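Undergrad: One structure, as structure tokens, below. Some questions next.
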Amino acid sequence: MRLEQIVPVKQPAFFKYFNFYVMPRIKKNSLVKGASGNYRREFVYKNRGDKTFFGGMPELDPKRARTPKEKAFRQKSISATAYARAVVADPLLKAFYQKKVKNGNTAYNVAFADFQKKPYVEVINTGQYTGAPGSTIAVEAFDDCEVTEVKVSITSAAGVLIEEGQAVVNMFEGGKWIYTTTQNNAALPGTKIKATCKDRPKSEGFLEVTL
């Protein structure tokens with residue numbers, strides 16, 4: 001059996017109370033290639049694409065108190081696992097994520113990572129917003145897989161909601177969405193414009209600017 005050492009990567013804070021072992025990659029061994037699960041709770045086998053890895057079972061210290069951050073990370077991982085399982089059980093969703101697969105990953109892995117990473121709004125361009133109905137606001141929003149919707153809200157300096165609605169994706173410019181206003185806003189100074197984006201797992205990201 002030939003083993004190829006994998007360079008360790010920095011682990012999230014949640015993994016601090018686990019004892020992890022470097023997982024070598026198994027090459028040219030048909031007996032265990034494609035294996036998954038554990039052996040006598042001593043070793044664990046994992047697959048990434050067409051590659052098989054093995055390593056020691058992670059050991060959890062039962063006496064160590066979990067911090068709120070670790071508990072939140074664990075809950076998010078549980079939710080991400082549930083989402084990834086739902087994805088692979090849905091042919092259409094699985095096909096979408098399968099198109100994003102690279103470097104030996106799987107649709108499950110990509111869906112899991114997509115749940116963990118929120119979309120974000122990078123730019124709100126108000127250069128064409130005059131306060132008159134029919135003027136436009138451009139939003140640039142991104143995600144590691146896909147932004148599915150962008151909502152824009154406009155609030156006066158006094159905190160009164162003037163209008164809100166869905167922006168429309170610009171099919172010719174990746175990541176750009178256009179919102180067309182419907183209400184009059186005669187007092188632009190102090191106006192707050194907020195853009196909120198969502199991805200397929202319904203995670204949200206937002207940005208707010210003040211005129």
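By convention here, the chains of the structure tokens are called A, B, ... in the order presented, each chain's residues are numbered starting at 1, and ligands are numbered starting at 1 in the order presented.
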I'd like the neighbourhood of stretch 91-102 of chain A as an MDAnalysis selection string, where a residue qualifies if any of its atoms comes within 8 Å (using only C-alpha atoms), though same-chain residues fewer than 5 positions away should be ignored.

TA: chainID A and resid 107:108 110:111 145

Undergrad: So that I can see what lies close to A:Ile178, please list as a PyMOL selection string the residues with an atom at most 7 Å from it, counting only C-alpha atoms and leaving out residues fewer than 4 positions away in the same chain.

TA: chain A and resi 136-139+167-170

Undergrad: List the neighbours of A:Ile124 out to 10 Å using only C-alpha atoms; skip same-chain residues closer than 6 positions along the sequence, and give me the result as a PyMOL selection string.

TA: chain A and resi 137-141+152+176-178+193-195+207-209

Undergrad: Please compute the atom CA of A:Tyr129-atom CA of A:Gly159 distance, one decimal, in Å.

TA: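 These atoms are spaced 18.6 Å apart.
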
Undergrad: Report as a list of chain:residue names all protein, DNA and RNA residues lying within 12 Å of A:Arg200, evaluated on only C-alpha atoms, omitting residues in the same chain fewer than 4 positions from it.

TA: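 So the residues in contact are A:Tyr83, A:Ala84, A:Val87, A:Leu93, A:Phe96, A:Tyr97, A:Val110, A:Ala111, A:Phe112, A:Ala113, A:Asp114, A:Phe115, A:Gln116, A:Lys117, A:Lys118, A:Pro119, A:Asp143, A:Asp144, A:Cys145, A:Glu146, A:Val147, A:Thr148, A:Glu149, A:Glu204.
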
Undergrad: Pick out the residues sitting within 9 Å of A:Pro189, and hand them over as a VMD selection string; count only C-alpha atoms, and ignore anything fewer than 6 positions along from it in its own chain.

TA: chain A and resid 156 to 157 210 to 211

Undergrad: Write out as number ranges by chain all residues of stretch 113-149 of chain A that DSSP puts in helix (DSSP H, G or I) for this structure's backbone.

TA: A: 113-116
